[in-house]
file coords-v4.cif (mmCIF, C-alpha atoms)
data_input
loop_
_atom_site.label_atom_id
_atom_site.label_comp_id
_atom_site.auth_asym_id
_atom_site.auth_seq_id
_atom_site.Cartn_x
_atom_site.Cartn_y
_atom_site.Cartn_z
CA MET A 1 -30.00 12.93 -4.41
CA SER A 2 -32.25 10.67 -2.41
CA GLN A 3 -33.58 9.25 -5.66
CA GLU A 4 -30.45 7.16 -5.79
CA PHE A 5 -31.72 4.93 -3.01
CA ASP A 6 -34.77 2.81 -2.62
CA PRO A 7 -37.16 3.83 0.20
CA ARG A 8 -36.22 0.93 2.44
CA GLU A 9 -32.55 1.83 2.29
CA ARG A 10 -33.28 5.51 2.77
CA GLN A 11 -34.86 4.72 6.09
CA THR A 12 -31.69 3.27 7.42
CA LEU A 13 -29.07 5.40 5.70
CA GLY A 14 -27.59 8.01 7.93
CA GLU A 15 -28.58 6.10 11.02
CA ARG A 16 -25.58 3.85 10.90
CA GLU A 17 -23.86 4.71 14.12
CA ALA A 18 -21.24 2.81 16.02
CA SER A 19 -23.92 1.95 18.54
CA ASP A 20 -25.56 -0.22 15.87
CA LEU A 21 -22.65 -2.60 16.12
CA PRO A 22 -22.69 -5.66 18.36
CA PRO A 23 -21.21 -4.80 21.80
CA SER A 24 -18.14 -6.96 21.29
CA LEU A 25 -17.39 -5.29 17.98
CA LEU A 26 -18.07 -1.86 19.40
CA ALA A 27 -15.39 -2.54 21.98
CA GLU A 28 -12.97 -3.29 19.17
CA VAL A 29 -13.91 -0.06 17.42
CA VAL A 30 -13.13 1.85 20.59
CA ALA A 31 -9.84 -0.03 20.94
CA ALA A 32 -8.99 0.82 17.34
CA ARG A 33 -9.14 4.51 18.26
CA ARG A 34 -5.96 4.30 20.29
CA PRO A 35 -3.26 6.50 18.75
CA VAL A 36 -0.62 4.96 16.53
CA SER A 37 2.93 6.31 16.55
CA LEU A 38 5.42 5.41 13.90
CA SER A 39 9.12 4.86 14.38
CA SER A 40 11.29 7.96 14.64
CA GLN A 41 13.30 6.36 11.85
CA VAL A 42 10.60 7.44 9.42
CA GLU A 43 11.80 11.03 9.61
CA ALA A 44 15.41 9.98 9.11
CA ARG A 45 14.55 7.82 6.12
CA VAL A 46 12.31 10.41 4.49
CA MET A 47 14.84 13.18 4.94
CA ALA A 48 17.63 10.97 3.59
CA ALA A 49 15.55 10.40 0.46
CA VAL A 50 14.73 14.09 0.23
CA ARG A 51 18.39 15.07 0.52
CA ARG A 52 19.36 12.57 -2.17
CA ARG A 53 16.80 14.11 -4.46
CA ALA A 54 17.81 17.65 -3.58
CA ALA A 55 21.46 16.85 -4.28
CA SER A 56 20.56 16.32 -7.88
CA PRO A 57 19.01 19.23 -9.78
CA ARG A 58 16.95 16.68 -11.63
CA TYR A 59 15.26 15.67 -8.40
CA SER A 60 14.66 19.03 -6.85
CA ALA A 61 11.17 20.14 -6.13
CA TRP A 62 12.06 23.39 -7.81
CA HIS A 63 12.69 21.47 -10.98
CA TRP A 64 9.18 20.09 -10.81
CA PHE A 65 7.92 23.61 -10.53
CA THR A 66 9.92 25.01 -13.40
CA ALA A 67 9.72 22.04 -15.72
CA PRO A 68 6.63 20.07 -14.80
CA SER A 69 6.34 18.63 -18.27
CA VAL A 70 9.46 16.56 -17.88
CA PRO A 71 8.27 13.00 -17.25
CA PRO A 72 9.30 11.62 -13.86
CA TRP A 73 10.80 8.50 -15.36
CA ALA A 74 13.24 10.58 -17.34
CA LEU A 75 14.46 12.20 -14.15
CA LEU A 76 14.68 8.96 -12.24
CA ALA A 77 17.03 7.57 -14.84
CA ALA A 78 19.81 9.36 -13.00
CA ALA A 79 19.06 7.72 -9.67
CA ALA A 80 21.83 6.44 -7.49
CA VAL A 81 22.54 2.93 -8.54
CA VAL A 82 21.42 0.51 -5.89
CA LEU A 83 20.14 -1.91 -8.45
CA ALA A 84 21.72 -2.74 -11.74
CA LEU A 85 19.51 -3.81 -14.58
CA VAL A 86 21.57 -5.57 -17.19
CA LEU A 87 20.64 -6.96 -20.52
CA LEU A 88 22.51 -10.15 -21.11
CA ARG A 89 21.94 -11.06 -24.73
CA PRO A 90 19.21 -11.79 -27.21
CA ALA A 91 17.54 -15.07 -26.34
CA PRO A 92 17.78 -17.69 -29.04
CA VAL A 93 14.85 -20.03 -29.32
CA GLY A 94 15.43 -23.13 -27.25
CA SER A 95 18.54 -21.77 -25.60
CA PRO A 96 20.01 -24.24 -23.10
CA GLY A 97 20.68 -21.35 -20.77
CA ALA A 98 16.99 -20.80 -20.27
CA ALA A 99 16.83 -21.53 -16.55
CA SER A 100 13.82 -19.41 -15.70
CA PRO A 101 10.33 -20.82 -16.16
CA LEU A 102 9.61 -17.70 -18.13
CA ALA A 103 12.34 -18.61 -20.54
CA ALA A 104 10.23 -21.44 -21.85
CA ALA A 105 7.93 -18.81 -23.21
CA ALA A 106 10.73 -16.90 -24.86
CA GLY A 107 10.24 -16.38 -28.55
CA PRO A 108 12.51 -15.04 -31.23
CA GLU A 109 11.53 -11.50 -30.24
CA SER A 110 12.54 -12.01 -26.62
CA VAL A 111 15.73 -11.19 -24.80
CA TYR A 112 17.07 -12.29 -21.46
CA VAL A 113 17.13 -9.61 -18.81
CA ARG A 114 18.76 -9.99 -15.44
CA PHE A 115 17.19 -8.13 -12.55
CA ILE A 116 19.28 -7.46 -9.48
CA LEU A 117 18.19 -6.06 -6.17
CA VAL A 118 20.48 -5.38 -3.21
CA ALA A 119 18.41 -6.19 -0.15
CA PRO A 120 20.60 -7.60 2.65
CA ASN A 121 17.75 -7.92 5.15
CA ALA A 122 15.19 -9.47 2.85
CA ARG A 123 13.98 -12.99 3.46
CA GLN A 124 12.54 -13.35 -0.01
CA VAL A 125 12.31 -11.22 -3.11
CA ALA A 126 10.13 -11.67 -6.18
CA LEU A 127 9.69 -9.89 -9.47
CA ALA A 128 6.21 -9.05 -10.71
CA GLY A 129 5.26 -7.09 -13.75
CA THR A 130 3.13 -6.73 -16.82
CA PHE A 131 5.06 -9.60 -18.38
CA ASN A 132 3.83 -12.11 -15.79
CA SER A 133 0.42 -10.61 -14.96
CA TRP A 134 1.87 -9.20 -11.72
CA ASP A 135 2.08 -12.70 -10.37
CA PRO A 136 4.22 -12.56 -7.19
CA ALA A 137 5.00 -16.26 -7.50
CA ALA A 138 6.14 -16.30 -11.11
CA ALA A 139 9.69 -14.99 -10.79
CA PRO A 140 11.35 -15.38 -7.38
CA LEU A 141 14.83 -13.92 -7.06
CA VAL A 142 17.69 -15.99 -5.70
CA ARG A 143 20.12 -14.65 -3.13
CA ALA A 144 23.63 -14.58 -4.58
CA GLY A 145 26.48 -14.35 -2.10
CA ALA A 146 26.55 -12.92 1.37
CA GLU A 147 26.07 -9.28 0.41
CA GLY A 148 22.36 -9.49 0.04
CA THR A 149 22.27 -9.38 -3.73
CA TRP A 150 19.19 -10.99 -5.20
CA THR A 151 18.93 -11.86 -8.86
CA VAL A 152 16.71 -13.44 -11.45
CA THR A 153 16.94 -13.70 -15.21
CA VAL A 154 13.79 -13.66 -17.28
CA ALA A 155 13.06 -13.66 -20.97
CA LEU A 156 11.09 -10.59 -21.95
CA PRO A 157 9.40 -9.87 -25.24
CA VAL A 158 10.68 -6.86 -27.10
CA GLY A 159 8.78 -3.81 -25.96
CA GLN A 160 8.16 -1.85 -22.80
CA HIS A 161 7.24 -3.53 -19.52
CA GLN A 162 6.36 -2.30 -16.06
CA TYR A 163 7.51 -4.14 -12.97
CA SER A 164 8.21 -3.98 -9.27
CA PHE A 165 10.08 -6.06 -6.72
CA ILE A 166 8.15 -7.64 -3.87
CA VAL A 167 10.22 -7.95 -0.71
CA ASP A 168 9.15 -10.49 1.88
CA GLY A 169 5.88 -11.01 0.09
CA ARG A 170 4.56 -7.66 1.21
CA ARG A 171 6.57 -4.60 0.27
CA TRP A 172 6.37 -3.45 -3.32
CA VAL A 173 9.69 -1.82 -4.07
CA PRO A 174 10.31 -0.01 -7.34
CA ASP A 175 13.70 -0.34 -8.93
CA PRO A 176 15.61 2.76 -7.75
CA ALA A 177 17.92 2.63 -10.74
CA ALA A 178 15.25 2.41 -13.39
CA PRO A 179 12.73 4.85 -14.82
CA ALA A 180 9.33 4.73 -13.17
CA VAL A 181 5.77 5.68 -13.97
CA ASP A 182 2.67 6.24 -11.93
CA ASP A 183 0.57 3.11 -11.75
CA GLY A 184 -2.65 5.10 -11.47
CA PHE A 185 -3.09 4.14 -7.82
CA GLY A 186 -0.51 6.36 -6.24
CA ARG A 187 2.44 4.01 -6.54
CA ARG A 188 5.41 3.85 -8.87
CA ASN A 189 6.13 1.06 -11.27
CA SER A 190 9.57 0.69 -12.78
CA VAL A 191 9.86 0.53 -16.55
CA VAL A 192 12.13 -1.55 -18.72
CA SER A 193 12.29 -1.15 -22.49
CA VAL A 194 13.62 -4.17 -24.33
CA SER A 195 15.05 -3.86 -27.82
CA ALA A 196 16.39 -6.92 -29.61
CA ALA A 197 18.21 -4.94 -32.26
CA GLN A 198 20.46 -2.88 -30.05
CA GLY A 199 20.61 -5.16 -27.07
CA ARG A 200 20.13 -2.38 -24.60
CA VAL A 201 17.75 -1.93 -21.75
CA LEU A 202 16.61 1.54 -20.81
CA MET B 1 4.37 29.97 28.54
CA ILE B 2 3.41 32.90 30.74
CA GLN B 3 6.15 34.59 32.80
CA GLY B 4 4.98 37.55 34.82
CA ASP B 5 3.10 39.83 32.51
CA ARG B 6 5.14 38.85 29.46
CA VAL B 7 3.81 36.23 27.12
CA GLU B 8 6.33 34.10 25.31
CA ARG B 9 5.13 32.05 22.44
CA THR B 10 6.94 29.91 19.97
CA VAL B 11 5.36 30.53 16.62
CA GLU B 12 5.41 27.48 14.42
CA PRO B 13 5.58 28.25 10.72
CA SER B 14 2.40 27.48 8.82
CA ASP B 15 2.31 24.60 6.38
CA GLY B 16 2.18 27.10 3.54
CA ALA B 17 5.30 28.89 4.77
CA VAL B 18 7.17 25.59 5.06
CA VAL B 19 6.10 24.44 1.61
CA ARG B 20 7.24 27.70 0.08
CA ALA B 21 10.57 27.51 1.92
CA VAL B 22 11.20 24.01 0.63
CA LEU B 23 10.28 24.96 -2.91
CA THR B 24 12.71 27.82 -2.85
CA GLY B 25 15.56 25.58 -1.82
CA ASP B 26 15.46 25.18 1.96
CA VAL B 27 15.11 21.43 1.78
CA GLU B 28 15.74 20.85 5.48
CA GLN B 29 12.48 22.61 6.25
CA TYR B 30 10.67 19.57 4.89
CA ALA B 31 11.51 17.86 8.19
CA VAL B 32 8.98 20.18 9.81
CA LEU B 33 6.23 18.71 7.68
CA VAL B 34 7.52 15.20 8.25
CA ARG B 35 7.40 15.65 12.03
CA ARG B 36 4.03 17.34 11.80
CA TYR B 37 2.34 14.66 9.72
CA LYS B 38 4.27 11.45 10.38
CA ASP B 39 1.81 10.31 13.01
CA ARG B 40 -1.28 12.30 12.15
CA TYR B 41 -2.62 9.73 9.70
CA ALA B 42 -0.71 6.73 11.05
CA ARG B 43 -3.81 5.33 12.69
CA TYR B 44 -5.81 5.66 9.49
CA ALA B 45 -3.07 3.92 7.49
CA SER B 46 -2.56 1.15 10.02
CA ARG B 47 -6.28 0.36 10.17
CA MET B 48 -6.58 0.54 6.40
CA LEU B 49 -3.62 -1.77 5.83
CA GLY B 50 -3.97 -4.05 8.83
CA SER B 51 -0.62 -3.43 10.51
CA VAL B 52 1.58 -0.67 11.87
CA ASP B 53 4.52 -1.94 9.79
CA ALA B 54 2.56 -1.56 6.59
CA ALA B 55 1.37 1.86 7.74
CA GLU B 56 4.96 2.92 8.36
CA ASP B 57 5.95 1.97 4.83
CA ALA B 58 2.91 3.74 3.42
CA VAL B 59 3.42 6.96 5.37
CA GLN B 60 7.11 7.01 4.50
CA ASP B 61 6.41 6.48 0.80
CA ALA B 62 3.66 9.10 0.85
CA LEU B 63 5.93 11.69 2.48
CA ILE B 64 8.62 11.11 -0.13
CA ARG B 65 6.05 11.21 -2.88
CA ALA B 66 4.65 14.44 -1.48
CA TYR B 67 8.12 15.96 -1.65
CA ASP B 68 8.49 14.83 -5.25
CA ARG B 69 5.23 16.53 -6.12
CA LEU B 70 5.42 19.48 -3.78
CA ALA B 71 5.26 22.04 -6.56
CA GLN B 72 1.91 20.55 -7.55
CA CYS B 73 0.40 21.30 -4.14
CA ARG B 74 -1.95 24.06 -5.23
CA GLU B 75 -2.97 25.08 -1.74
CA PRO B 76 0.18 24.96 0.39
CA GLU B 77 -1.79 25.97 3.46
CA ASN B 78 -3.81 22.81 2.99
CA PHE B 79 -0.79 20.54 2.79
CA ALA B 80 -2.52 18.22 5.28
CA GLY B 81 -5.49 17.51 3.02
CA TRP B 82 -3.28 17.12 -0.01
CA PHE B 83 -0.92 14.77 1.80
CA PHE B 84 -3.85 12.74 3.08
CA LEU B 85 -4.98 12.10 -0.50
CA ILE B 86 -1.51 10.88 -1.47
CA LEU B 87 -1.46 8.53 1.51
CA ARG B 88 -4.99 7.41 0.75
CA ASN B 89 -4.04 6.50 -2.82
CA ARG B 90 -1.09 4.55 -1.51
CA CYS B 91 -3.30 2.62 0.92
CA PHE B 92 -5.90 1.84 -1.74
CA ALA B 93 -3.26 0.62 -4.16
CA GLU B 94 -1.77 -1.66 -1.54
CA ARG B 95 -5.15 -3.09 -0.60
CA ARG B 96 -5.91 -3.84 -4.24
CA ARG B 97 -2.53 -5.45 -4.71
CA ASP B 98 -2.96 -7.48 -1.56
CA ARG B 99 -6.25 -8.78 -2.87
CA ARG B 100 -4.56 -9.86 -6.09
CA SER B 101 -1.86 -11.75 -4.24
CA ASP B 102 -3.92 -13.13 -1.36
CA GLY B 103 -4.93 -16.27 -3.19
CA LEU B 104 -1.35 -17.09 -4.04
CA ASP B 105 -0.14 -16.39 -0.52
CA GLN B 106 -2.74 -18.71 0.92
CA ALA B 107 -1.86 -21.46 -1.51
CA ARG B 108 1.81 -21.17 -0.55
CA GLU B 109 1.02 -21.31 3.13
CA LEU B 110 -0.95 -24.50 2.69
CA THR B 111 1.97 -26.24 1.05
CA ALA B 112 4.88 -24.66 2.93
CA PRO B 113 6.37 -27.07 5.46
CA GLU B 114 7.45 -24.29 7.76
CA VAL B 115 5.45 -21.41 9.14
CA SER B 116 6.14 -18.47 6.86
CA HIS B 117 6.60 -14.90 7.96
CA ALA B 118 3.38 -14.00 6.15
CA ALA B 119 1.51 -16.65 8.11
CA LEU B 120 2.88 -15.33 11.37
CA GLU B 121 1.78 -11.84 10.45
CA ARG B 122 -1.62 -13.15 9.55
CA ALA B 123 -1.85 -14.95 12.87
CA GLU B 124 -1.32 -11.66 14.62
CA GLN B 125 -4.40 -10.29 12.92
CA VAL B 126 -6.74 -12.34 15.01
CA ARG B 127 -9.04 -9.60 16.08
CA SER B 128 -12.44 -10.06 14.54
CA LEU B 129 -12.90 -6.47 13.51
CA GLU B 130 -9.51 -6.41 11.84
CA GLN B 131 -10.27 -9.58 9.96
CA ALA B 132 -13.74 -8.52 8.95
CA LEU B 133 -12.62 -5.07 7.80
CA LEU B 134 -9.99 -6.65 5.60
CA GLN B 135 -12.79 -8.35 3.70
CA LEU B 136 -14.46 -5.06 2.78
CA THR B 137 -13.65 -3.07 -0.32
CA PRO B 138 -11.13 -0.29 0.32
CA GLU B 139 -13.92 2.26 -0.10
CA GLN B 140 -16.20 0.55 2.42
CA ARG B 141 -13.36 0.02 4.84
CA GLU B 142 -12.32 3.63 4.59
CA VAL B 143 -15.73 5.10 5.30
CA PHE B 144 -16.16 2.78 8.28
CA LEU B 145 -12.78 3.80 9.70
CA LEU B 146 -13.17 7.51 9.07
CA LYS B 147 -16.62 7.54 10.64
CA HIS B 148 -16.15 5.26 13.62
CA VAL B 149 -12.44 5.23 14.37
CA GLU B 150 -11.47 8.75 13.28
CA GLU B 151 -14.93 9.94 14.38
CA LEU B 152 -15.42 12.31 11.47
CA SER B 153 -18.84 13.43 10.34
CA TYR B 154 -20.12 12.47 6.91
CA ASP B 155 -19.62 16.07 5.79
CA GLU B 156 -16.02 16.00 6.95
CA ILE B 157 -15.40 12.70 5.21
CA ALA B 158 -17.02 14.00 2.03
CA ALA B 159 -14.70 17.00 2.02
CA ARG B 160 -11.64 14.82 2.49
CA VAL B 161 -12.33 12.19 -0.13
CA SER B 162 -14.30 14.31 -2.60
CA THR B 163 -17.30 12.00 -2.53
CA GLY B 164 -20.91 12.97 -1.91
CA VAL B 165 -22.52 12.26 1.44
CA PRO B 166 -25.23 10.00 -0.06
CA ALA B 167 -22.59 7.84 -1.72
CA LEU B 168 -20.67 7.63 1.56
CA LYS B 169 -23.79 6.57 3.42
CA MET B 170 -24.43 3.95 0.80
CA ARG B 171 -20.90 2.63 1.27
CA MET B 172 -21.44 2.53 5.01
CA HIS B 173 -24.70 0.70 4.49
CA ARG B 174 -22.96 -1.91 2.37
CA ALA B 175 -20.13 -2.11 4.88
CA TYR B 176 -22.55 -2.86 7.71
CA ASP B 177 -24.32 -5.52 5.67
CA ARG B 178 -21.03 -7.15 4.80
CA LEU B 179 -19.73 -6.95 8.37
CA ARG B 180 -22.90 -8.51 9.68
CA GLU B 181 -22.55 -11.25 7.12
CA LEU B 182 -18.91 -11.87 7.98
CA LEU B 183 -19.34 -11.74 11.73
CA GLY B 184 -22.36 -13.98 11.51
CA GLU B 185 -20.02 -16.57 10.12
CA THR B 186 -17.58 -16.32 12.98
CA ARG B 187 -19.60 -15.37 16.03
#

call {"tool": "encode", "arguments": {"input": "coords-v4.cif", "output": "structure tokens"}}
result
Amino acid sequence: MSQEFDPRERQTLGEREASDLPPSLLAEVVAARRPVSLSSQVEARVMAAVRRRAASPRYSAWHWFTAPSVPPWALLAAAAVVLALVLLRPAPVGSPGAASPLAAAAGPESVYVRFILVAPNARQVALAGTFNSWDPAAAPLVRAGAEGTWTVTVALPVGQHQYSFIVDGRRWVPDPAAPAVDDGFGRRNSVVSVSAAQGRVL
Amino acid sequence: MIQGDRVERTVEPSDGAVVRAVLTGDVEQYAVLVRRYKDRYARYASRMLGSVDAAEDAVQDALIRAYDRLAQCREPENFAGWFFLILRNRCFAERRRDRRSDGLDQARELTAPEVSHAALERAEQVRSLEQALLQLTPEQREVFLLKHVEELSYDEIAARVSTGVPALKMRMHRAYDRLRELLGETR
């Protein structure tokens, strides 16, 4: 195993102790050891989510045990609707209704899709996905009305896309009403399938 | 509690017993695991992500995700280790996403006429260690935190993150070099 390292590095590896740090930084390390307690609301929120899942056979942990081959996104399709994802209509080339910057890129194989998120306490909401290189600045949502409904309409090429909402520039929130897939890093990305022929969004 | 010569003891169910109860339909038992692990890795998450708020979101998401995947927990008695890996993945993903969006955030702050919420949050992160650690890769940051803040041995860290001790020491070595470089710029 030691062949992985050159002799000079080997001399120092394993001797990296906190005491090697500058005194001022060592003090910060010690300070960082203070316990962290999270809000008691975490338990309430987690259990609320758990109960919602348990209320639906499709969400139950038992279901995962008995039918693990069922893809999660198929189960999530029955989620309580907090967000509505609505296909408006196929996007004609050069449509005057193309208000989004993304619409300029809309081709004949694109359709307009409106994304809606209900987030009354959010200060800003954005939409990022495979269709805009996960750029948090590409598709900001606009608050519509006093109920905390945020919306944006984008032109998406026909096909399947993954996306997520970004609330207040920090929290990545999957669409609770849409199918979702694992992003490979332990998070969930929502999935939208766009079909020009049928005009439906999965 | 000892009363006279009678010993009274409240026996807490093991993690394995709770997991099995939940899987067989007693969903409310999951609250036992939530209470047991809500704070256990909160410090790790908050140091990895740079704020308690972010840690709260991460722990909450990880607990829900753990419920979703509970039937895949192959060693129910080791729920803690399994849950830690879920939380760890969540923290790594957030750090990588933050890195992708950092450039854009900074550009917006430079042009925004008012002080944004993100800028205020950033201003709170004035501690040098916090700032310097945020510049490390998630892997380097993690090994530094587990070793020096959580005070785990290299063997314990290796068991938790399924990485060999030599590789962990190499990460620590790189972390120290990078920290020295970063702190040399500011101190």

call {"tool": "atom_distance", "arguments": {"input": "coords-v4.cif", "atom1": "CA of Arg34 (chain A)", "atom2": "CA of Gln131 (chain B)"}}
result
17.8 Å

call {"tool": "residues_around", "arguments": {"input": "coords-v4.cif", "residues": "Val167 (chain A)", "least_positions_apart": "6", "cutoff": "8 Å", "atoms": "all atoms listed in the file", "output": "list in words"}}
result
Ala122, Arg123, Gln124, Val125, Ala126 and Val173 of chain A

call {"tool": "closest_residue", "arguments": {"input": "coords-v4.cif", "among": "A:Thr149, A:Pro120, A:Tyr163, A:Asp168", "to": "chain B", "atoms": "all atoms listed in the file"}}
result
A:Asp168

call {"tool": "atom_distance", "arguments": {"input": "coords-v4.cif", "atom1": "CA of Gly169 (chain A)", "atom2": "CA of Leu63 (chain B)"}}
result
22.8 Å

call {"tool": "closest_atom_pairs", "arguments": {"input": "coords-v4.cif", "of": "chain B", "to": "chain A", "cutoff": "7 Å", "atoms": "all atoms listed in the file", "output": "CSV"}}
result
residue,atom,partner,partner_atom,distance
B:Leu23,CA,A:Trp62,CA,5.4
B:Thr24,CA,A:Trp62,CA,6.7
B:Ala31,CA,A:Met47,CA,6.6
B:Val34,CA,A:Glu43,CA,6.1
B:Arg35,CA,A:Glu43,CA,6.8
B:Asp39,CA,A:Ser37,CA,5.5
B:Ala42,CA,A:Val36,CA,5.8
B:Arg43,CA,A:Val36,CA,5.0
B:Glu56,CA,A:Leu38,CA,6.1
B:Gln60,CA,A:Val42,CA,6.0
B:Leu63,CA,A:Val46,CA,6.8
B:Ile64,CA,A:Val46,CA,6.0
B:Tyr67,CA,A:Ala61,CA,6.8
B:Asp68,CA,A:Ala61,CA,6.0
B:Arg69,CA,A:Ala61,CA,7.0
B:Leu70,CA,A:Ala61,CA,6.2
B:Ala71,CA,A:Phe65,CA,5.0
B:Ile86,CA,A:Gly186,CA,6.6
B:Asn89,CA,A:Gly186,CA,4.9
B:Arg90,CA,A:Gly186,CA,5.1
B:Ala93,CA,A:Phe185,CA,5.1
B:Ser101,CA,A:Pro136,CA,6.8
B:Leu129,CA,A:Leu25,CA,6.4
B:His148,CA,A:Ala18,CA,6.1
B:Val149,CA,A:Arg33,CA,5.2
B:Glu150,CA,A:Arg33,CA,6.9
B:Lys169,CA,A:Leu13,CA,5.9
B:Met170,CA,A:Leu13,CA,6.9
B:His173,CA,A:Leu13,CA,6.5

call {"tool": "write_last_selection", "arguments": {"input": "coords-v4.cif", "atoms": "C-alpha atoms", "output": "PDB file, in the coordinates of the input"}}
result
ATOM      1  CA  LEU B  23      10.280  24.960  -2.910  1.00  0.00           C
ATOM      2  CA  THR B  24      12.710  27.820  -2.850  1.00  0.00           C
ATOM      3  CA  ALA B  31      11.510  17.860   8.190  1.00  0.00           C
ATOM      4  CA  VAL B  34       7.520  15.200   8.250  1.00  0.00           C
ATOM      5  CA  ARG B  35       7.400  15.650  12.030  1.00  0.00           C
ATOM      6  CA  ASP B  39       1.810  10.310  13.010  1.00  0.00           C
ATOM      7  CA  ALA B  42      -0.710   6.730  11.050  1.00  0.00           C
ATOM      8  CA  ARG B  43      -3.810   5.330  12.690  1.00  0.00           C
ATOM      9  CA  GLU B  56       4.960   2.920   8.360  1.00  0.00           C
ATOM     10  CA  GLN B  60       7.110   7.010   4.500  1.00  0.00           C
ATOM     11  CA  LEU B  63       5.930  11.690   2.480  1.00  0.00           C
ATOM     12  CA  ILE B  64       8.620  11.110  -0.130  1.00  0.00           C
ATOM     13  CA  TYR B  67       8.120  15.960  -1.650  1.00  0.00           C
ATOM     14  CA  ASP B  68       8.490  14.830  -5.250  1.00  0.00           C
ATOM     15  CA  ARG B  69       5.230  16.530  -6.120  1.00  0.00           C
ATOM     16  CA  LEU B  70       5.420  19.480  -3.780  1.00  0.00           C
ATOM     17  CA  ALA B  71       5.260  22.040  -6.560  1.00  0.00           C
ATOM     18  CA  ILE B  86      -1.510  10.880  -1.470  1.00  0.00           C
ATOM     19  CA  ASN B  89      -4.040   6.500  -2.820  1.00  0.00           C
ATOM     20  CA  ARG B  90      -1.090   4.550  -1.510  1.00  0.00           C
ATOM     21  CA  ALA B  93      -3.260   0.620  -4.160  1.00  0.00           C
ATOM     22  CA  SER B 101      -1.860 -11.750  -4.240  1.00  0.00           C
ATOM     23  CA  LEU B 129     -12.900  -6.470  13.510  1.00  0.00           C
ATOM     24  CA  HIS B 148     -16.150   5.260  13.620  1.00  0.00           C
ATOM     25  CA  VAL B 149     -12.440   5.230  14.370  1.00  0.00           C
ATOM     26  CA  GLU B 150     -11.470   8.750  13.280  1.00  0.00           C
ATOM     27  CA  LYS B 169     -23.790   6.570   3.420  1.00  0.00           C
ATOM     28  CA  MET B 170     -24.430   3.950   0.800  1.00  0.00           C
ATOM     29  CA  HIS B 173     -24.700   0.700   4.490  1.00  0.00           C
TER      30      HIS B 173
END

call {"tool": "atom_distance", "arguments": {"input": "coords-v4.cif", "atom1": "CA of Phe83 (chain B)", "atom2": "CA of Leu33 (chain B)"}}
result
10.1 Å

call {"tool": "residues_around", "arguments": {"input": "coords-v4.cif", "residues": "Ala146 (chain A)", "least_positions_apart": "2", "cutoff": "12 Å", "atoms": "all atoms listed in the file", "output": "ChimeraX atom specification"}}
result
/A:118-122,142-144,148-150

call {"tool": "closest_residue", "arguments": {"input": "coords-v4.cif", "among": "B:Lys38, B:Glu181, B:Gly164, B:Glu12", "to": "Leu136 (chain B)", "atoms": "only C-alpha atoms"}}
result
B:Glu181

call {"tool": "residues_around", "arguments": {"input": "coords-v4.cif", "residues": "Val152 (chain A)", "least_positions_apart": "2", "cutoff": "8 Å", "atoms": "only C-alpha atoms", "output": "list in words"}}
result
Ser100, Arg114, Phe115, Ile116, Ala139, Pro140, Leu141, Val142, Trp150 and Val154 of chain A
